[in-house]
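Worksheet: the structure to be examined is printed underneath.
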Amino acid sequence: MSFNTNKTVRVVANPYDRSRYVSQCFPQFTLANCKLSYVPQFKYLGHIIEHTFCDDSDVNRELRNLFARVNVLIRRFSYCSTQVKLKLFKSYCLCYYDIALWQNYHVSVGNKLTSAYVSLNVLNYSLAFRNMVVFSAMLMQLNLPSFNTVLHNARVAFLSEQVKTVWWCCYERY
């Protein structure tokens, strides 16, 4: 087995209960005579994992990605029809990687992402819905899900895939 010691790091996970802390400092780990560096967070397959198991950094990463994607759509496709913009938005901006894994994030961070989702939709479709004040009505007319619906559907799809995997593993044993 080979390791890339430049990419290998160590994270010490904090327990949820502070009374269960064993130590504040840990011995230096070595791998192939190279010392591994300690980091409070790292990115694994695009998902940011923190030592506190909080998903705030990953939610903020997805928020930045959402702004970038919508800005690309606005810049490049501003003269397209609403239907074309809608199709591009559904295929390009509703693909959230790993949001089904988010379990522990602060409400303020989740609210930022939800409000950005709504405001970016308004910005993207502002020409067609200039006088509309109620965002949920605009989403309904465009046949777009709310962000909470997107999050719920991702979690349900993830859990149903886990159930299928467990069922298939049990089926294989017998």
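Within each chain, counting starts at residue 1; across the structure tokens, chains are named A, B, ... in the order shown, with ligands numbered 1 upward in that order.
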Compile the contact shell of Val39 in chain A as a short mmCIF file (atom, residue, chain, number, x, y, z; two decimals) with C-alpha atoms, in the first residue's frame: residues with an atom at most 8 Å away, counting only C-alpha atoms, same-chain residues fewer than 5 positions apart removed.
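Saved to selection.cif:
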```cif
data_model
loop_
_atom_site.label_atom_id
_atom_site.label_comp_id
_atom_site.auth_asym_id
_atom_site.auth_seq_id
_atom_site.Cartn_x
_atom_site.Cartn_y
_atom_site.Cartn_z
CA VAL A 9 -3.65 14.72 7.29
CA ARG A 10 -5.08 13.97 10.70
CA VAL A 11 -8.21 15.32 12.33
#
```
Measuring between only C-alpha atoms, which one of A:Asn6, A:Phe53, A:Ala13, A:Ile48 shows the shortest distance to Lys35 in chain A? A:Asn6
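For the atom pair formed by CA of Leu36 in chain A and CA of Thr5 in chain A, the distance is 7.1 Å, given to one decimal.
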Restricting to only C-alpha atoms, whichever of A:Leu45, A:Cys93, A:Leu142, A:Ala137 is closest to Ala68 in chain A is A:Cys93
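You can rank A:Leu159, A:Met140, A:Ile99, A:Val59 by their closest distance to Asn111 in chain A using only C-alpha atoms, and at the top of that list sits A:Val59.
Separating CA of Leu113 in chain A from CA of Val12 in chain A is a distance of 28.4 Å.
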Under the rule that only C-alpha atoms are counted, which of A:Asn60, A:Asn33, A:Gln141, A:Asn14 is the nearest residue to Ser108 in chain A? A:Asn60
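For Leu144 in chain A, the set of protein, DNA and RNA residues having any atom at most 10 Å away, when counting only C-alpha atoms and skipping those fewer than 2 positions along the same chain, is Leu86, Phe89, Lys90, Leu94, Asn121, Ser136, Met138, Leu139, Met140, Gln141, Leu142, Ser146, Phe147, Thr149 and Val150 of chain A.
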Residues from the last selection, C-alpha atoms, saved as a tab-separated table (two decimals), in the first residue's frame:
```
chain	number	residue	atom	x	y	z
A	86	LEU	CA	-35.67	27.79	-16.49
A	89	PHE	CA	-31.46	26.63	-14.00
A	90	LYS	CA	-33.05	23.26	-13.33
A	94	LEU	CA	-30.47	22.33	-8.81
A	121	ASN	CA	-34.30	32.92	-8.72
A	136	SER	CA	-43.34	31.37	-3.31
A	138	MET	CA	-43.14	33.01	-8.41
A	139	LEU	CA	-41.63	29.61	-7.67
A	140	MET	CA	-45.02	27.98	-8.11
A	141	GLN	CA	-45.61	29.70	-11.46
A	142	LEU	CA	-42.18	28.62	-12.66
A	146	SER	CA	-38.45	25.65	-2.76
A	147	PHE	CA	-35.04	25.04	-1.26
A	149	THR	CA	-38.20	20.79	-0.90
A	150	VAL	CA	-34.88	20.29	-2.70
```
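Closest approach to Leu151 in chain A among A:Leu88, A:Cys95, A:Val72, A:Leu66 is made by A:Cys95 (distances from only C-alpha atoms).
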Between A:Ser78, A:Ser119, A:Cys54, A:Glu62, which one has atoms that come closest to Asp98 in chain A, using only C-alpha atoms? A:Glu62
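Of the residues in range 18-134 of chain A, those given strand (DSSP E) by DSSP on the backbone are Thr30, Leu31, Cys34, Lys35, Ser37, Tyr38, Gln41, Phe42, Lys43, Tyr44, His47, Ile48, Ile49 and Glu50 of chain A.
Looking only at range 36-73 of chain A, the set that DSSP places in helix (DSSP H, G or I) from backbone geometry is Asp56, Ser57, Asp58, Val59, Asn60, Arg61, Glu62, Leu63, Arg64, Asn65, Leu66, Phe67, Ala68, Arg69, Val70, Asn71, Val72 and Leu73 of chain A.
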Store the residues picked out above, limited to N, CA and C atoms, as a PDB file, in the first residue's frame.
```pdb
ATOM      1  N   ASP A  56     -21.365  23.696   8.630  1.00  0.00           N
ATOM      2  CA  ASP A  56     -21.438  25.096   8.219  1.00  0.00           C
ATOM      3  C   ASP A  56     -20.493  25.413   7.065  1.00  0.00           C
ATOM      4  N   SER A  57     -19.285  24.922   7.103  1.00  0.00           N
ATOM      5  CA  SER A  57     -18.316  25.202   6.036  1.00  0.00           C
ATOM      6  C   SER A  57     -18.781  24.612   4.716  1.00  0.00           C
ATOM      7  N   ASP A  58     -19.370  23.435   4.769  1.00  0.00           N
ATOM      8  CA  ASP A  58     -19.844  22.796   3.541  1.00  0.00           C
ATOM      9  C   ASP A  58     -21.067  23.524   2.985  1.00  0.00           C
ATOM     10  N   VAL A  59     -21.945  24.006   3.851  1.00  0.00           N
ATOM     11  CA  VAL A  59     -23.106  24.775   3.402  1.00  0.00           C
ATOM     12  C   VAL A  59     -22.631  26.081   2.762  1.00  0.00           C
ATOM     13  N   ASN A  60     -21.644  26.734   3.377  1.00  0.00           N
ATOM     14  CA  ASN A  60     -21.102  27.971   2.804  1.00  0.00           C
ATOM     15  C   ASN A  60     -20.410  27.707   1.470  1.00  0.00           C
ATOM     16  N   ARG A  61     -19.753  26.563   1.331  1.00  0.00           N
ATOM     17  CA  ARG A  61     -19.141  26.201   0.058  1.00  0.00           C
ATOM     18  C   ARG A  61     -20.203  26.058  -1.024  1.00  0.00           C
ATOM     19  N   GLU A  62     -21.306  25.410  -0.675  1.00  0.00           N
ATOM     20  CA  GLU A  62     -22.396  25.233  -1.641  1.00  0.00           C
ATOM     21  C   GLU A  62     -23.065  26.563  -1.964  1.00  0.00           C
ATOM     22  N   LEU A  63     -23.116  27.472  -0.989  1.00  0.00           N
ATOM     23  CA  LEU A  63     -23.663  28.805  -1.234  1.00  0.00           C
ATOM     24  C   LEU A  63     -22.804  29.559  -2.247  1.00  0.00           C
ATOM     25  N   ARG A  64     -21.492  29.512  -2.094  1.00  0.00           N
ATOM     26  CA  ARG A  64     -20.600  30.152  -3.058  1.00  0.00           C
ATOM     27  C   ARG A  64     -20.757  29.529  -4.447  1.00  0.00           C
ATOM     28  N   ASN A  65     -20.878  28.200  -4.498  1.00  0.00           N
ATOM     29  CA  ASN A  65     -21.073  27.529  -5.782  1.00  0.00           C
ATOM     30  C   ASN A  65     -22.389  27.944  -6.440  1.00  0.00           C
ATOM     31  N   LEU A  66     -23.441  28.103  -5.640  1.00  0.00           N
ATOM     32  CA  LEU A  66     -24.729  28.521  -6.175  1.00  0.00           C
ATOM     33  C   LEU A  66     -24.629  29.917  -6.783  1.00  0.00           C
ATOM     34  N   PHE A  67     -23.979  30.846  -6.083  1.00  0.00           N
ATOM     35  CA  PHE A  67     -23.793  32.191  -6.621  1.00  0.00           C
ATOM     36  C   PHE A  67     -22.995  32.144  -7.922  1.00  0.00           C
ATOM     37  N   ALA A  68     -21.961  31.344  -7.952  1.00  0.00           N
ATOM     38  CA  ALA A  68     -21.133  31.253  -9.160  1.00  0.00           C
ATOM     39  C   ALA A  68     -21.933  30.703 -10.338  1.00  0.00           C
ATOM     40  N   ARG A  69     -22.710  29.643 -10.099  1.00  0.00           N
ATOM     41  CA  ARG A  69     -23.494  29.047 -11.177  1.00  0.00           C
ATOM     42  C   ARG A  69     -24.542  30.017 -11.725  1.00  0.00           C
ATOM     43  N   VAL A  70     -25.255  30.686 -10.815  1.00  0.00           N
ATOM     44  CA  VAL A  70     -26.298  31.604 -11.260  1.00  0.00           C
ATOM     45  C   VAL A  70     -25.681  32.807 -11.963  1.00  0.00           C
ATOM     46  N   ASN A  71     -24.541  33.290 -11.495  1.00  0.00           N
ATOM     47  CA  ASN A  71     -23.881  34.403 -12.175  1.00  0.00           C
ATOM     48  C   ASN A  71     -23.466  34.024 -13.592  1.00  0.00           C
ATOM     49  N   VAL A  72     -23.032  32.799 -13.782  1.00  0.00           N
ATOM     50  CA  VAL A  72     -22.697  32.339 -15.130  1.00  0.00           C
ATOM     51  C   VAL A  72     -23.944  32.335 -16.007  1.00  0.00           C
ATOM     52  N   LEU A  73     -25.053  31.840 -15.457  1.00  0.00           N
ATOM     53  CA  LEU A  73     -26.300  31.826 -16.232  1.00  0.00           C
ATOM     54  C   LEU A  73     -26.759  33.234 -16.592  1.00  0.00           C
TER      55      LEU A  73
END
```
